[in-house]
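> I'm passing along work20.cif; it holds mmCIF, C-alpha atoms, pLDDT in the B column; chains and numbers go by the auth columns.
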data_coords
#
loop_
_atom_site.group_PDB
_atom_site.id
_atom_site.type_symbol
_atom_site.label_atom_id
_atom_site.label_comp_id
_atom_site.label_asym_id
_atom_site.label_seq_id
_atom_site.Cartn_x
_atom_site.Cartn_y
_atom_site.Cartn_z
_atom_site.B_iso_or_equiv
_atom_site.auth_seq_id
_atom_site.auth_asym_id
ATOM 1 C CA MET A 1 104.917 94.882 91.085 95.00 558 V
ATOM 2 C CA GLN A 2 105.937 97.988 92.999 96.00 559 V
ATOM 3 C CA PHE A 3 107.225 98.283 96.547 97.00 560 V
ATOM 4 C CA SER A 4 106.971 101.676 98.251 96.00 561 V
ATOM 5 C CA LEU A 5 109.569 102.588 100.872 96.00 562 V
ATOM 6 C CA ARG A 6 107.189 105.142 102.405 89.00 563 V
ATOM 7 C CA ASP A 7 109.013 106.607 105.436 88.00 564 V
ATOM 8 C CA HIS A 8 112.326 104.795 104.878 92.00 565 V
ATOM 9 C CA ASP A 9 115.254 105.605 102.593 95.00 566 V
ATOM 10 C CA HIS A 10 116.084 101.960 101.805 97.00 567 V
ATOM 11 C CA ILE A 11 115.218 98.299 102.451 97.00 568 V
ATOM 12 C CA PRO A 12 117.740 95.444 102.612 98.00 569 V
ATOM 13 C CA LEU A 13 117.360 92.946 99.769 98.00 570 V
ATOM 14 C CA ASN A 14 116.782 89.948 102.050 98.00 571 V
ATOM 15 C CA ASN A 15 114.052 91.838 103.934 97.00 572 V
ATOM 16 C CA LEU A 16 112.300 92.750 100.675 98.00 573 V
ATOM 17 C CA LEU A 17 112.002 89.086 99.701 98.00 574 V
ATOM 18 C CA LYS A 18 110.538 88.254 103.132 97.00 575 V
ATOM 19 C CA VAL A 19 108.140 91.207 103.295 96.00 576 V
ATOM 20 C CA LEU A 20 106.693 90.339 99.891 97.00 577 V
ATOM 21 C CA ASN A 21 106.362 86.656 100.870 97.00 578 V
ATOM 22 C CA LEU A 22 108.551 85.553 97.966 97.00 579 V
ATOM 23 C CA VAL A 23 110.438 83.289 100.405 97.00 580 V
ATOM 24 C CA GLU A 24 109.282 81.634 103.604 96.00 581 V
ATOM 25 C CA THR A 25 112.177 82.581 105.899 95.00 582 V
ATOM 26 C CA GLY A 26 115.071 84.992 106.174 94.00 583 V
ATOM 27 C CA GLY A 27 117.427 82.043 105.897 96.00 584 V
ATOM 28 C CA GLU A 28 115.871 81.027 102.604 97.00 585 V
ATOM 29 C CA ALA A 29 116.167 84.627 101.350 98.00 586 V
ATOM 30 C CA ASN A 30 119.859 84.670 102.236 98.00 587 V
ATOM 31 C CA LEU A 31 120.530 81.338 100.514 97.00 588 V
ATOM 32 C CA ARG A 32 118.703 82.334 97.343 98.00 589 V
ATOM 33 C CA ILE A 33 120.622 85.624 97.185 98.00 590 V
ATOM 34 C CA VAL A 34 124.041 84.044 97.824 98.00 591 V
ATOM 35 C CA ASP A 35 123.274 81.367 95.209 97.00 592 V
ATOM 36 C CA GLY A 36 122.880 84.123 92.595 97.00 593 V
ATOM 37 C CA GLU A 37 119.134 83.768 92.070 98.00 594 V
ATOM 38 C CA VAL A 38 118.366 87.488 92.443 98.00 595 V
ATOM 39 C CA LYS A 39 119.165 90.345 90.074 98.00 596 V
ATOM 40 C CA VAL A 40 119.230 94.030 90.989 98.00 597 V
ATOM 41 C CA ASN A 41 119.202 96.482 88.093 98.00 598 V
ATOM 42 C CA GLY A 42 119.998 93.680 85.657 98.00 599 V
ATOM 43 C CA GLN A 43 123.042 92.336 87.535 98.00 600 V
ATOM 44 C CA VAL A 44 123.253 89.243 89.748 98.00 601 V
ATOM 45 C CA GLU A 45 123.380 90.461 93.353 98.00 602 V
ATOM 46 C CA THR A 46 124.939 88.317 96.099 98.00 603 V
ATOM 47 C CA GLN A 47 124.941 90.884 98.929 98.00 604 V
ATOM 48 C CA LYS A 48 122.213 89.736 101.311 97.00 605 V
ATOM 49 C CA ARG A 49 121.694 93.153 102.858 97.00 606 V
ATOM 50 C CA LYS A 50 122.138 95.196 99.671 98.00 607 V
ATOM 51 C CA LYS A 51 120.388 98.526 100.292 98.00 608 V
ATOM 52 C CA LEU A 52 117.597 99.004 97.791 98.00 609 V
ATOM 53 C CA ARG A 53 116.549 102.565 97.063 98.00 610 V
ATOM 54 C CA PRO A 54 113.906 104.221 94.866 97.00 611 V
ATOM 55 C CA GLY A 55 114.554 103.437 91.215 97.00 612 V
ATOM 56 C CA ASP A 56 116.098 100.008 91.847 98.00 613 V
ATOM 57 C CA VAL A 57 114.540 97.043 90.036 98.00 614 V
ATOM 58 C CA VAL A 58 114.731 93.539 91.527 98.00 615 V
ATOM 59 C CA LEU A 59 114.123 90.361 89.540 98.00 616 V
ATOM 60 C CA PHE A 60 113.494 87.151 91.488 98.00 617 V
ATOM 61 C CA GLU A 61 112.201 84.082 89.664 96.00 618 V
ATOM 62 C CA SER A 62 109.465 85.545 87.447 95.00 619 V
ATOM 63 C CA THR A 63 108.715 88.480 89.764 97.00 620 V
ATOM 64 C CA LYS A 64 109.893 91.988 88.905 98.00 621 V
ATOM 65 C CA ILE A 65 109.803 94.503 91.760 98.00 622 V
ATOM 66 C CA GLU A 66 110.283 98.237 91.258 98.00 623 V
ATOM 67 C CA ILE A 67 111.307 100.171 94.362 98.00 624 V
ATOM 68 C CA THR A 68 109.456 103.490 94.720 96.00 625 V
ATOM 69 C CA GLN A 69 109.425 106.271 97.291 92.00 626 V
#
How does the structure come out when it is put into structure tokens?

Amino acid sequence: MQFSLRDHDHIPLNNLLKVLNLVETGGEANLRIVDGEVKVNGQVETQKRKKLRPGDVVLFESTKIEITQ
């Protein structure tokens, strides 16, 4: 799946999970990130508000998200 930033230069990781309806709440997004369930560019990411930019690849459960401009 691809996510386009359109008019923005980044999106926080926790917001991405909410916007794509991969979690039900922001609190759930934060817990899943802190628990090490999300990878960014192949590495476990625990920063809830990690800025995602074009070219970043997020893996959550079985969903792969490529960030595009």
> Take the PyMOL selection byres ((chain V and resi 572) around 12), apply it to the structure above, and return the hits as a PyMOL selection string.
chain V and resi 560+567-571+573-587+590+605-609
> Just the number, please: distance in Å from atom CA of Lys621 of chain V to atom CA of Arg589 of chain V, one decimal.
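A separation of 15.6 Å between them.
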> Can you give me, as a VMD selection string, the residues this file yields under the PyMOL selection byres ((chain V and resi 618) around 10)?
chain V and resid 579 594 to 596 615 to 617 619 to 621
> Env of Gln559 of chain V: 9 Å cut, atoms = all atoms listed in the file, seq-sep filter 3 positions within chain, self excluded. Answer as a list in words.
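Contacts, in chain order: Lys621, Ile622, Glu623, Ile624 and Thr625 of chain V.
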> Just give me the gap between atom CA of Val591 of chain V and atom CA of Gln626 of chain V in Å, one decimal is fine.
26.6 Å
> For a test of reading the model, state the distance in Å between atom CA of Asp613 of chain V and atom CA of Val597 of chain V, rounded to one decimal.
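Going from atom CA of Asp613 of chain V over to atom CA of Val597 of chain V covers 6.8 Å.
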> Quick one: 5 Å padding each side, axis-aligned, all listed atoms of segment 602-606 of chain V - centre and edge lengths in Å to one decimal, as AutoDock Vina command-line options?

--center_x 123.3 --center_y 90.7 --center_z 98.1 --size_x 13.2 --size_y 14.8 --size_z 19.5
> For Gly593 of chain V, work out the shell of residues within 10 Å, counting all atoms listed in the file and skipping chain neighbours fewer than 4 positions away, then give it as a PyMOL selection string.
chain V and resi 588-589+600-604+617
> Fix up segment 590-621 of chain V with N, CA and C atoms, then write it as a PDB file, in the frame of the given file.

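File produced: rebuild-v2.pdb:
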ATOM      1  N   ILE V 590     119.801  84.487  97.621  1.00 98.00           N
ATOM      2  CA  ILE V 590     120.622  85.624  97.185  1.00 98.00           C
ATOM      3  C   ILE V 590     122.064  85.181  96.958  1.00 98.00           C
ATOM      4  N   VAL V 591     122.649  84.495  97.929  1.00 98.00           N
ATOM      5  CA  VAL V 591     124.041  84.044  97.824  1.00 98.00           C
ATOM      6  C   VAL V 591     124.230  83.089  96.644  1.00 98.00           C
ATOM      7  N   ASP V 592     123.200  82.308  96.334  1.00 97.00           N
ATOM      8  CA  ASP V 592     123.274  81.367  95.209  1.00 97.00           C
ATOM      9  C   ASP V 592     123.118  82.057  93.850  1.00 97.00           C
ATOM     10  N   GLY V 593     122.949  83.379  93.854  1.00 97.00           N
ATOM     11  CA  GLY V 593     122.880  84.123  92.595  1.00 97.00           C
ATOM     12  C   GLY V 593     121.539  84.086  91.906  1.00 97.00           C
ATOM     13  N   GLU V 594     120.468  83.875  92.664  1.00 98.00           N
ATOM     14  CA  GLU V 594     119.134  83.768  92.070  1.00 98.00           C
ATOM     15  C   GLU V 594     118.390  85.094  91.974  1.00 98.00           C
ATOM     16  N   VAL V 595     119.028  86.182  92.425  1.00 98.00           N
ATOM     17  CA  VAL V 595     118.366  87.488  92.443  1.00 98.00           C
ATOM     18  C   VAL V 595     119.192  88.484  91.628  1.00 98.00           C
ATOM     19  N   LYS V 596     118.494  89.282  90.829  1.00 98.00           N
ATOM     20  CA  LYS V 596     119.165  90.345  90.074  1.00 98.00           C
ATOM     21  C   LYS V 596     118.657  91.691  90.574  1.00 98.00           C
ATOM     22  N   VAL V 597     119.581  92.646  90.661  1.00 98.00           N
ATOM     23  CA  VAL V 597     119.230  94.030  90.989  1.00 98.00           C
ATOM     24  C   VAL V 597     119.750  94.894  89.847  1.00 98.00           C
ATOM     25  N   ASN V 598     118.853  95.622  89.225  1.00 98.00           N
ATOM     26  CA  ASN V 598     119.202  96.482  88.093  1.00 98.00           C
ATOM     27  C   ASN V 598     119.932  95.710  86.994  1.00 98.00           C
ATOM     28  N   GLY V 599     119.471  94.481  86.750  1.00 98.00           N
ATOM     29  CA  GLY V 599     119.998  93.680  85.657  1.00 98.00           C
ATOM     30  C   GLY V 599     121.262  92.890  85.954  1.00 98.00           C
ATOM     31  N   GLN V 600     121.813  93.032  87.160  1.00 98.00           N
ATOM     32  CA  GLN V 600     123.042  92.336  87.535  1.00 98.00           C
ATOM     33  C   GLN V 600     122.766  91.368  88.688  1.00 98.00           C
ATOM     34  N   VAL V 601     123.398  90.192  88.640  1.00 98.00           N
ATOM     35  CA  VAL V 601     123.253  89.243  89.748  1.00 98.00           C
ATOM     36  C   VAL V 601     123.789  89.908  91.005  1.00 98.00           C
ATOM     37  N   GLU V 602     123.005  89.841  92.082  1.00 98.00           N
ATOM     38  CA  GLU V 602     123.380  90.461  93.353  1.00 98.00           C
ATOM     39  C   GLU V 602     123.536  89.383  94.419  1.00 98.00           C
ATOM     40  N   THR V 603     124.704  89.325  95.060  1.00 98.00           N
ATOM     41  CA  THR V 603     124.939  88.317  96.099  1.00 98.00           C
ATOM     42  C   THR V 603     125.076  88.934  97.490  1.00 98.00           C
ATOM     43  N   GLN V 604     124.916  90.242  97.615  1.00 98.00           N
ATOM     44  CA  GLN V 604     124.941  90.884  98.929  1.00 98.00           C
ATOM     45  C   GLN V 604     123.565  90.737  99.574  1.00 98.00           C
ATOM     46  N   LYS V 605     123.505  90.006 100.664  1.00 97.00           N
ATOM     47  CA  LYS V 605     122.213  89.736 101.311  1.00 97.00           C
ATOM     48  C   LYS V 605     121.516  91.002 101.774  1.00 97.00           C
ATOM     49  N   ARG V 606     122.285  91.939 102.295  1.00 97.00           N
ATOM     50  CA  ARG V 606     121.694  93.153 102.858  1.00 97.00           C
ATOM     51  C   ARG V 606     121.897  94.366 101.952  1.00 97.00           C
ATOM     52  N   LYS V 607     122.001  94.111 100.649  1.00 98.00           N
ATOM     53  CA  LYS V 607     122.138  95.196  99.671  1.00 98.00           C
ATOM     54  C   LYS V 607     121.022  96.206  99.894  1.00 98.00           C
ATOM     55  N   LYS V 608     121.384  97.486 100.058  1.00 98.00           N
ATOM     56  CA  LYS V 608     120.388  98.526 100.292  1.00 98.00           C
ATOM     57  C   LYS V 608     119.691  98.878  98.981  1.00 98.00           C
ATOM     58  N   LEU V 609     118.397  98.671  98.961  1.00 98.00           N
ATOM     59  CA  LEU V 609     117.597  99.004  97.791  1.00 98.00           C
ATOM     60  C   LEU V 609     116.953 100.365  98.001  1.00 98.00           C
ATOM     61  N   ARG V 610     117.064 101.204  96.976  1.00 98.00           N
ATOM     62  CA  ARG V 610     116.549 102.565  97.063  1.00 98.00           C
ATOM     63  C   ARG V 610     115.586 102.822  95.898  1.00 98.00           C
ATOM     64  N   PRO V 611     114.828 103.920  95.965  1.00 97.00           N
ATOM     65  CA  PRO V 611     113.906 104.221  94.866  1.00 97.00           C
ATOM     66  C   PRO V 611     114.624 104.197  93.511  1.00 97.00           C
ATOM     67  N   GLY V 612     113.981 103.557  92.548  1.00 97.00           N
ATOM     68  CA  GLY V 612     114.554 103.437  91.215  1.00 97.00           C
ATOM     69  C   GLY V 612     115.188 102.080  90.962  1.00 97.00           C
ATOM     70  N   ASP V 613     115.521 101.338  92.021  1.00 98.00           N
ATOM     71  CA  ASP V 613     116.098 100.008  91.847  1.00 98.00           C
ATOM     72  C   ASP V 613     115.016  99.045  91.358  1.00 98.00           C
ATOM     73  N   VAL V 614     115.454  98.069  90.555  1.00 98.00           N
ATOM     74  CA  VAL V 614     114.540  97.043  90.036  1.00 98.00           C
ATOM     75  C   VAL V 614     115.116  95.685  90.400  1.00 98.00           C
ATOM     76  N   VAL V 615     114.317  94.870  91.073  1.00 98.00           N
ATOM     77  CA  VAL V 615     114.731  93.539  91.527  1.00 98.00           C
ATOM     78  C   VAL V 615     113.991  92.494  90.704  1.00 98.00           C
ATOM     79  N   LEU V 616     114.729  91.475  90.261  1.00 98.00           N
ATOM     80  CA  LEU V 616     114.123  90.361  89.540  1.00 98.00           C
ATOM     81  C   LEU V 616     114.424  89.084  90.315  1.00 98.00           C
ATOM     82  N   PHE V 617     113.366  88.409  90.745  1.00 98.00           N
ATOM     83  CA  PHE V 617     113.494  87.151  91.488  1.00 98.00           C
ATOM     84  C   PHE V 617     112.499  86.170  90.900  1.00 98.00           C
ATOM     85  N   GLU V 618     113.018  85.052  90.398  1.00 96.00           N
ATOM     86  CA  GLU V 618     112.201  84.082  89.664  1.00 96.00           C
ATOM     87  C   GLU V 618     111.480  84.839  88.550  1.00 96.00           C
ATOM     88  N   SER V 619     110.178  84.823  88.512  1.00 95.00           N
ATOM     89  CA  SER V 619     109.465  85.545  87.447  1.00 95.00           C
ATOM     90  C   SER V 619     108.859  86.843  87.958  1.00 95.00           C
ATOM     91  N   THR V 620     109.279  87.274  89.156  1.00 97.00           N
ATOM     92  CA  THR V 620     108.715  88.480  89.764  1.00 97.00           C
ATOM     93  C   THR V 620     109.671  89.656  89.611  1.00 97.00           C
ATOM     94  N   LYS V 621     109.135  90.747  89.050  1.00 98.00           N
ATOM     95  CA  LYS V 621     109.893  91.988  88.905  1.00 98.00           C
ATOM     96  C   LYS V 621     109.336  92.981  89.906  1.00 98.00           C
TER      97      LYS V 621
END
